[in-house]
Amino acid sequence: MKKQSIKSHLKPYSIFQKRKTTINHAFASALAPTDDYNEQHVNNAINSLYQNPDSDLICVYCDNTAETWDHLVGLVKEGNLRGYGHQIGNLVPCCKECNSKKGSKDWQEFIDSEKQDEEKRSRLKRCLQTYIEHFAKPVDINTINTEMPNEYMEYLGIREQIFSLMKRADTLVEIIRNNKK
Ligand SMILES: [Zn+2]
């Protein structure tokens, strides 16, 4: 490590700059569709991945033991809801390593970058495509806007108010900091 790397730490912290993405993500994620737990539905989905629903599940990407559930399609893109949510068809068994390697990458791109074998790659992509088509029911954000425009606009307005308050807090904290110098 070079001494110059300390520069990024020797800066005032901006609440708005550091937390804007987190707030956007929370507001979009909260709108995302969800499924109730239905054992038969979950069994059917897991069967369609060629796995035994009553055994320990394996990571769809690398065949190691699964430790978590990966959202195939990320919920939020550029601060907005994509339409996919917390539903079995958008959640696949995954190991922690693949989950963190995949990050916010597109699932098809991730499979292409991980699997060398062309045939295995296309088989897995076909399987997951069927899985998502059968078991995930994404919402269209425009439908929410059309069906409940008042509630939706108020919701977005609250997000904007939070942003303004964060910016005001940044201004105040700058005054406080400068006074203490
Ligand atoms: Zn894995």
# chains A, B, ... in the order shown; residues from 1 in each chain; ligands from 1
$ closest_atom_pairs --of "chain A" --to "ligand 1" --cutoff "9 Å" --atoms "only C-alpha atoms and all ligand atoms" --output "tab-separated table"
residue	atom	partner	partner_atom_place_in_ligand_line	distance
A:Ile58	CA	ligand 1	1 (Zn)	7.9
A:Cys59	CA	ligand 1	1 (Zn)	4.7
A:Val60	CA	ligand 1	1 (Zn)	6.7
A:Tyr61	CA	ligand 1	1 (Zn)	5.0
A:Cys62	CA	ligand 1	1 (Zn)	4.1
A:Asp63	CA	ligand 1	1 (Zn)	6.1
A:Asn64	CA	ligand 1	1 (Zn)	5.6
A:Thr65	CA	ligand 1	1 (Zn)	7.5
A:Ala66	CA	ligand 1	1 (Zn)	7.0
A:Glu67	CA	ligand 1	1 (Zn)	9.0
A:Pro93	CA	ligand 1	1 (Zn)	8.7
A:Cys94	CA	ligand 1	1 (Zn)	5.4
A:Cys95	CA	ligand 1	1 (Zn)	4.2
A:Lys96	CA	ligand 1	1 (Zn)	6.8
A:Glu97	CA	ligand 1	1 (Zn)	5.9
A:Cys98	CA	ligand 1	1 (Zn)	4.3
A:Asn99	CA	ligand 1	1 (Zn)	7.0
$ select_by_dssp --residues "chain A" --states "strand (DSSP E or B)" --output "list in words"
Thr34, Ile58, Thr65, Thr68, Trp69, Asp70, His71, Val76, Lys77, Asn80, Leu81, His86, Leu91, Val92, Pro93 and Cys94 of chain A
$ residues_around --residues "segment 136-153 of chain A" --least-positions-apart "2" --cutoff "6 Å" --atoms "only C-alpha atoms" --output "list in words"
Gly83, Tyr84, Gln87, Gly89, Asn90, Ile132, Tyr155, Leu156 and Gly157 of chain A
$ atom_distance --atom1 "atom CA of Leu72 of chain A" --atom2 "atom CA of Gln40 of chain A"
21.0 Å
$ closest_atom_pairs --of "segment 23-59 of chain A" --to "segment 119-130 of chain A" --cutoff "12 Å" --atoms "only C-alpha atoms" --output "tab-separated table"
residue	atom	partner	partner_atom	distance
A:Ala45	CA	A:Thr130	CA	10.0
A:Ile46	CA	A:Leu128	CA	11.0
A:Asn47	CA	A:Cys127	CA	11.1
A:Ser48	CA	A:Cys127	CA	7.7
A:Leu49	CA	A:Cys127	CA	6.7
A:Tyr50	CA	A:Cys127	CA	9.0
A:Gln51	CA	A:Cys127	CA	11.8
A:Cys59	CA	A:Leu124	CA	11.7
$ select_by_dssp --residues "chain A" --states "helix (DSSP H, G or I)" --output "count of residues only"
109
$ residues_around --residues "Lys105 of chain A" --least-positions-apart "5" --cutoff "10 Å" --atoms "only C-alpha atoms" --output "list in words"
Leu72, Val73, Gly74, Phe110 and Ile111 of chain A
$ residues_around --residues "Ala32 of chain A" --least-positions-apart "3" --cutoff "7 Å" --atoms "only C-alpha atoms" --output "JSON, numbers by chain"
{"A": [28, 29, 81, 83, 84, 85, 86]}
